[in-house]
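To be precise, the following lines are data_22.cif, and they hold mmCIF, C-alpha atoms.
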data_structure
#
loop_
_atom_site.label_atom_id
_atom_site.label_comp_id
_atom_site.auth_asym_id
_atom_site.auth_seq_id
_atom_site.Cartn_x
_atom_site.Cartn_y
_atom_site.Cartn_z
CA MET A 1 98.34 78.41 76.41
CA ASN A 2 97.88 78.85 72.65
CA ASP A 3 94.35 80.22 73.21
CA PHE A 4 95.76 82.72 75.72
CA VAL A 5 98.42 83.91 73.26
CA GLN A 6 95.86 84.22 70.46
CA GLY A 7 93.54 86.17 72.78
CA LEU A 8 96.40 88.47 73.77
CA ARG A 9 97.22 89.12 70.11
CA LEU A 10 93.61 90.19 69.57
CA TRP A 11 94.11 92.96 72.16
CA PHE A 12 96.41 94.70 69.69
CA ALA A 13 94.83 93.55 66.42
CA PRO A 14 91.08 93.43 67.06
CA GLU A 15 90.31 93.40 63.34
CA ARG A 16 91.58 89.79 63.32
CA ILE A 17 88.60 88.76 65.41
CA ARG A 18 86.57 88.84 62.18
CA ASP A 19 88.44 85.70 61.14
CA GLU A 20 86.63 83.72 63.84
CA GLY A 21 83.13 82.40 63.33
CA ASP A 22 80.18 84.44 62.13
CA THR A 23 79.41 88.08 62.74
CA PRO A 24 76.95 88.29 65.64
CA ASP A 25 73.99 90.64 65.73
CA TYR A 26 75.49 94.13 66.01
CA ARG A 27 73.40 94.84 69.10
CA PHE A 28 75.35 92.17 70.98
CA SER A 29 78.72 93.51 69.84
CA LEU A 30 77.69 97.03 70.82
CA ALA A 31 76.47 95.79 74.21
CA ASN A 32 79.85 94.08 74.67
CA GLU A 33 81.56 97.38 73.87
CA ARG A 34 79.37 99.27 76.37
CA THR A 35 80.33 96.72 79.02
CA PHE A 36 83.98 97.29 78.15
CA LEU A 37 83.51 101.04 78.56
CA ALA A 38 81.80 100.51 81.94
CA TRP A 39 84.82 98.51 83.13
CA ILE A 40 87.13 101.28 81.90
CA ARG A 41 85.08 103.88 83.81
CA THR A 42 85.36 101.71 86.91
CA ALA A 43 89.14 101.44 86.40
CA LEU A 44 89.42 105.23 86.04
CA ALA A 45 87.38 105.75 89.21
CA LEU A 46 89.60 103.37 91.16
CA ILE A 47 92.76 105.04 89.87
CA GLY A 48 91.34 108.48 90.68
CA GLY A 49 90.43 107.25 94.16
CA GLY A 50 93.98 106.00 94.68
CA PHE A 51 95.43 109.36 93.74
CA ALA A 52 92.85 111.16 95.88
CA VAL A 53 93.77 109.11 98.95
CA ASP A 54 97.44 109.86 98.41
CA GLN A 55 97.07 113.56 97.67
CA PHE A 56 94.19 114.68 99.86
CA LEU A 57 94.78 112.73 103.06
CA PRO A 58 98.25 113.92 104.14
CA GLU A 59 97.24 113.64 107.79
CA LEU A 60 97.25 109.85 107.50
CA ALA A 61 100.39 107.99 108.43
CA TRP A 62 102.45 107.42 105.29
CA GLY A 63 102.17 103.61 105.40
CA VAL A 64 98.39 103.67 105.76
CA ARG A 65 97.97 106.28 103.05
CA ALA A 66 100.33 104.50 100.66
CA GLY A 67 98.74 101.11 101.33
CA LEU A 68 95.22 102.35 100.64
CA ALA A 69 96.32 104.33 97.57
CA LEU A 70 98.30 101.41 96.14
CA ALA A 71 95.39 99.01 96.70
CA LEU A 72 93.06 101.29 94.75
CA LEU A 73 95.62 101.91 92.01
CA ALA A 74 96.32 98.19 91.63
CA ALA A 75 92.59 97.44 91.45
CA GLY A 76 92.26 100.09 88.74
CA VAL A 77 95.11 98.63 86.69
CA LEU A 78 93.72 95.10 86.98
CA CYS A 79 90.25 96.35 86.09
CA ALA A 80 91.51 98.06 82.94
CA LEU A 81 93.43 94.98 81.82
CA ARG A 82 90.49 92.74 82.60
CA ALA A 83 88.19 95.00 80.57
CA VAL A 84 90.00 94.36 77.31
CA ASN A 85 90.45 90.68 78.07
CA HIS A 86 86.74 90.31 78.80
CA TRP A 87 85.79 92.17 75.63
CA VAL A 88 87.93 89.86 73.48
CA ARG A 89 86.69 86.70 75.20
CA CYS A 90 83.04 87.69 74.84
CA GLU A 91 83.43 88.77 71.22
CA ARG A 92 85.11 85.48 70.34
CA ALA A 93 82.43 83.47 72.15
CA MET A 94 79.63 85.30 70.34
CA ARG A 95 81.30 84.74 66.96
CA ARG A 96 81.81 81.05 67.70
CA GLY A 97 78.25 80.56 68.98
CA GLU A 98 79.55 79.55 72.42
CA ASP A 99 78.30 80.46 75.86
CA LEU A 100 79.69 83.72 77.15
CA PRO A 101 82.70 83.19 79.43
CA VAL A 102 82.21 83.33 83.17
CA SER A 103 84.60 85.15 85.45
CA ARG A 104 85.46 85.44 89.11
CA PHE A 105 86.96 88.88 88.53
CA PRO A 106 83.82 90.87 89.51
CA THR A 107 83.77 89.02 92.84
CA LEU A 108 87.49 89.60 93.44
CA LEU A 109 87.16 93.28 92.54
CA ALA A 110 84.17 93.68 94.85
CA LEU A 111 86.08 92.02 97.69
CA ALA A 112 89.13 94.24 97.12
CA VAL A 113 86.99 97.38 97.14
CA ALA A 114 85.20 96.15 100.27
CA VAL A 115 88.52 95.56 102.06
CA VAL A 116 89.70 99.07 101.18
CA ALA A 117 86.34 100.49 102.29
CA VAL A 118 86.57 98.69 105.65
CA ALA A 119 90.12 100.00 106.07
CA MET A 120 88.86 103.51 105.35
CA VAL A 121 86.10 103.09 107.94
CA VAL A 122 88.73 102.03 110.51
CA VAL A 123 90.83 105.08 109.58
CA VAL A 124 87.85 107.40 109.91
CA VAL A 125 86.72 105.91 113.24
CA PHE A 126 90.12 105.48 114.90
CA GLY A 127 92.34 107.75 112.82
CA TRP A 128 95.97 107.17 111.99
CA GLU A 129 97.51 110.56 112.00
CA ALA A 130 101.03 111.12 110.79
CA ARG A 131 103.50 112.01 113.49
#

Now that the file is in, can you turn its structure into structure tokens?
Amino acid sequence: MNDFVQGLRLWFAPERIRDEGDTPDYRFSLANERTFLAWIRTALALIGGGFAVDQFLPELAWGVRAGLALALLAAGVLCALRAVNHWVRCERAMRRGEDLPVSRFPTLLALAVAVVAVAMVVVVVFGWEAR
């Protein structure tokens, strides 16, 4: 629990990460930052997709439209939060000389996106028009 709290504090005070271990090769830190930015772009795309489903598919039944939109929005929020958490965890591991942390999040995100995509295929094939 203490490690979690310390990691969460680093979200808001990243300069404190310099207190841990040795400075890694800058190329690794910059690669970690690029990975963070890729996760943020993914989060923005998911959030944009959620708004697009809600705004541009009014012919869908409200429950279907809201469900798909909320699933995409939730995935975007989780992706954004996970991005900063992953950045901190990787930066700490590099400074400590530890193995980079592993995560199930990419698998969970891929499954969530796949479920939404299958639901969209069902909507396209069978349609759920609002009445």

_Could you list, as a ChimeraX atom specification, every residue within 12 Å of Ala38 of chain A, counting all atoms listed in the file and ignoring same-chain residues fewer than 5 positions away?_
/A:31-33,43-45,79-80,82-84,86-87

*Nearest to Gly97 of chain A, chosen from A:Glu129, A:Glu20, A:Asp54, A:Glu59, with all atoms listed in the file counted in the distances*: A:Glu20

*To one decimal in Å, tell me the separation between atom CA of Leu109 of chain A and atom CA of Leu78 of chain A.*
8.8 Å

*Decode the PyMOL selection byres ((chain A and resi 22) around 9) for the given file into explicit residues and return them as a PyMOL selection string.*
chain A and resi 18-21+23-24+94-97

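Our summary of the geometry notes that atom CA of Leu70 of chain A is positioned 14.7 Å from atom CA of Ala114 of chain A.
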
_Who sits within 12 Å of segment 119-121 of chain A, all atoms listed in the file, same chain under 4 positions skipped, as a PyMOL selection string_ = chain A and resi 49+53+57+60+64-65+67-69+71-72+112-115+125-128

How would the residues just chosen look if you wrote them out with C-alpha atoms as a compact mmCIF listing (two decimals), keeping the file's coordinate frame?
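Ended up saving to result-v4.txt:
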# COMPACT_ATOMS: atom_id res chain seq x y z
CA GLY A 49 90.43 107.25 94.16
CA VAL A 53 93.77 109.11 98.95
CA LEU A 57 94.78 112.73 103.06
CA LEU A 60 97.25 109.85 107.50
CA VAL A 64 98.39 103.67 105.76
CA ARG A 65 97.97 106.28 103.05
CA GLY A 67 98.74 101.11 101.33
CA LEU A 68 95.22 102.35 100.64
CA ALA A 69 96.32 104.33 97.57
CA ALA A 71 95.39 99.01 96.70
CA LEU A 72 93.06 101.29 94.75
CA ALA A 112 89.13 94.24 97.12
CA VAL A 113 86.99 97.38 97.14
CA ALA A 114 85.20 96.15 100.27
CA VAL A 115 88.52 95.56 102.06
CA VAL A 125 86.72 105.91 113.24
CA PHE A 126 90.12 105.48 114.90
CA GLY A 127 92.34 107.75 112.82
CA TRP A 128 95.97 107.17 111.99

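Between atom CA of Phe28 of chain A and atom CA of Leu10 of chain A the separation is 18.4 Å.
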
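Remark: for Cys90 of chain A, the closest of the candidate residues A:Pro58, A:Gly50, A:Ala66, A:Ser103 is A:Ser103 (distances computed over all atoms listed in the file).
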
_Report as a ChimeraX atom specification all protein, DNA and RNA residues lying within 12 Å of Leu81 of chain A, evaluated on only C-alpha atoms, omitting residues in the same chain fewer than 4 positions from it._
/A:8,11,36,39-40,42-44,74-77,85-88,105

Given the block above, output segment 9-128 of chain A with C-alpha atoms as a compact mmCIF listing (two decimals), in the first residue's frame.
# COMPACT_ATOMS: atom_id res chain seq x y z
CA ARG A 9 2.34 11.14 -5.10
CA LEU A 10 4.79 10.99 -8.01
CA TRP A 11 1.88 11.65 -10.40
CA PHE A 12 1.68 15.18 -9.00
CA ALA A 13 5.33 15.73 -8.09
CA PRO A 14 7.34 13.96 -10.80
CA GLU A 15 10.50 15.88 -9.88
CA ARG A 16 10.65 13.70 -6.73
CA ILE A 17 11.38 10.68 -8.90
CA ARG A 18 14.97 11.94 -9.09
CA ASP A 19 15.34 10.91 -5.45
CA GLU A 20 15.13 7.25 -6.46
CA GLY A 21 18.12 5.38 -7.79
CA ASP A 22 20.35 6.56 -10.62
CA THR A 23 19.44 8.58 -13.66
CA PRO A 24 18.93 6.17 -16.57
CA ASP A 25 20.17 6.81 -20.08
CA TYR A 26 18.05 9.71 -21.37
CA ARG A 27 17.03 7.67 -24.42
CA PHE A 28 15.13 5.30 -22.13
CA SER A 29 13.40 8.11 -20.26
CA LEU A 30 12.43 9.75 -23.55
CA ALA A 31 11.14 6.41 -24.89
CA ASN A 32 9.08 6.06 -21.71
CA GLU A 33 7.65 9.54 -22.32
CA ARG A 34 6.79 8.67 -25.95
CA THR A 35 4.97 5.58 -24.71
CA PHE A 36 3.05 7.77 -22.26
CA LEU A 37 2.07 10.10 -25.11
CA ALA A 38 0.92 7.12 -27.22
CA TRP A 39 -1.35 6.01 -24.37
CA ILE A 40 -2.73 9.55 -24.09
CA ARG A 41 -3.44 9.62 -27.83
CA THR A 42 -5.25 6.30 -27.46
CA ALA A 43 -7.27 7.71 -24.55
CA LEU A 44 -8.22 10.78 -26.61
CA ALA A 45 -9.28 8.58 -29.53
CA LEU A 46 -11.47 6.45 -27.27
CA ILE A 47 -13.06 9.53 -25.69
CA GLY A 48 -13.63 11.07 -29.13
CA GLY A 49 -15.18 7.80 -30.29
CA GLY A 50 -17.52 7.81 -27.31
CA PHE A 51 -18.70 11.32 -28.08
CA ALA A 52 -19.03 10.47 -31.78
CA VAL A 53 -21.25 7.48 -31.05
CA ASP A 54 -23.46 9.61 -28.83
CA GLN A 55 -23.69 12.62 -31.13
CA PHE A 56 -23.67 11.15 -34.61
CA LEU A 57 -25.80 8.04 -34.21
CA PRO A 58 -29.14 9.46 -33.03
CA GLU A 59 -31.01 6.75 -34.93
CA LEU A 60 -29.80 4.17 -32.42
CA ALA A 61 -32.00 3.34 -29.48
CA TRP A 62 -30.96 5.50 -26.53
CA GLY A 63 -29.83 2.57 -24.36
CA VAL A 64 -27.65 1.08 -27.09
CA ARG A 65 -26.14 4.45 -27.98
CA ALA A 66 -25.51 5.38 -24.36
CA GLY A 67 -24.04 1.96 -23.55
CA LEU A 68 -21.59 2.06 -26.45
CA ALA A 69 -20.66 5.69 -25.78
CA LEU A 70 -20.14 5.09 -22.05
CA ALA A 71 -18.01 2.01 -22.72
CA LEU A 72 -15.72 4.02 -24.99
CA LEU A 73 -15.60 6.97 -22.60
CA ALA A 74 -14.79 4.73 -19.64
CA ALA A 75 -12.04 2.99 -21.62
CA GLY A 76 -10.60 6.42 -22.47
CA VAL A 77 -10.62 7.55 -18.85
CA LEU A 78 -8.97 4.33 -17.67
CA CYS A 79 -6.41 4.56 -20.47
CA ALA A 80 -5.45 8.11 -19.49
CA LEU A 81 -5.09 7.18 -15.82
CA ARG A 82 -3.13 4.07 -16.70
CA ALA A 83 -0.79 6.13 -18.90
CA VAL A 84 0.52 8.21 -16.03
CA ASN A 85 0.67 5.23 -13.69
CA HIS A 86 2.67 3.25 -16.25
CA TRP A 87 5.04 6.16 -16.85
CA VAL A 88 5.80 6.48 -13.13
CA ARG A 89 6.22 2.73 -12.63
CA CYS A 90 8.59 2.41 -15.59
CA GLU A 91 10.62 5.47 -14.62
CA ARG A 92 11.03 4.17 -11.08
CA ALA A 93 12.03 0.71 -12.31
CA MET A 94 14.64 2.15 -14.67
CA ARG A 95 16.11 4.31 -11.89
CA ARG A 96 16.24 1.36 -9.51
CA GLY A 97 17.78 -0.98 -12.10
CA GLU A 98 14.76 -3.30 -11.89
CA ASP A 99 12.88 -5.11 -14.62
CA LEU A 100 10.18 -3.01 -16.23
CA PRO A 101 6.75 -3.71 -14.73
CA VAL A 102 4.38 -5.98 -16.58
CA SER A 103 0.71 -5.17 -16.98
CA ARG A 104 -2.53 -6.83 -17.98
CA PHE A 105 -4.01 -3.46 -18.92
CA PRO A 106 -3.20 -3.68 -22.66
CA THR A 107 -5.03 -7.01 -22.81
CA LEU A 108 -8.03 -5.66 -20.89
CA LEU A 109 -8.17 -2.55 -23.09
CA ALA A 110 -7.97 -4.66 -26.24
CA LEU A 111 -10.79 -6.89 -24.99
CA ALA A 112 -12.96 -3.88 -24.11
CA VAL A 113 -12.42 -2.34 -27.54
CA ALA A 114 -13.15 -5.71 -29.17
CA VAL A 115 -16.42 -6.05 -27.24
CA VAL A 116 -17.50 -2.56 -28.32
CA ALA A 117 -16.49 -3.34 -31.91
CA VAL A 118 -18.54 -6.56 -31.90
CA ALA A 119 -21.51 -4.63 -30.49
CA MET A 120 -21.11 -2.08 -33.28
CA VAL A 121 -21.04 -4.88 -35.87
CA VAL A 122 -24.29 -6.25 -34.40
CA VAL A 123 -25.81 -2.76 -34.55
CA VAL A 124 -24.73 -2.30 -38.15
CA VAL A 125 -25.96 -5.73 -39.25
CA PHE A 126 -29.24 -5.86 -37.31
CA GLY A 127 -29.81 -2.20 -36.45
CA TRP A 128 -31.43 -0.88 -33.32
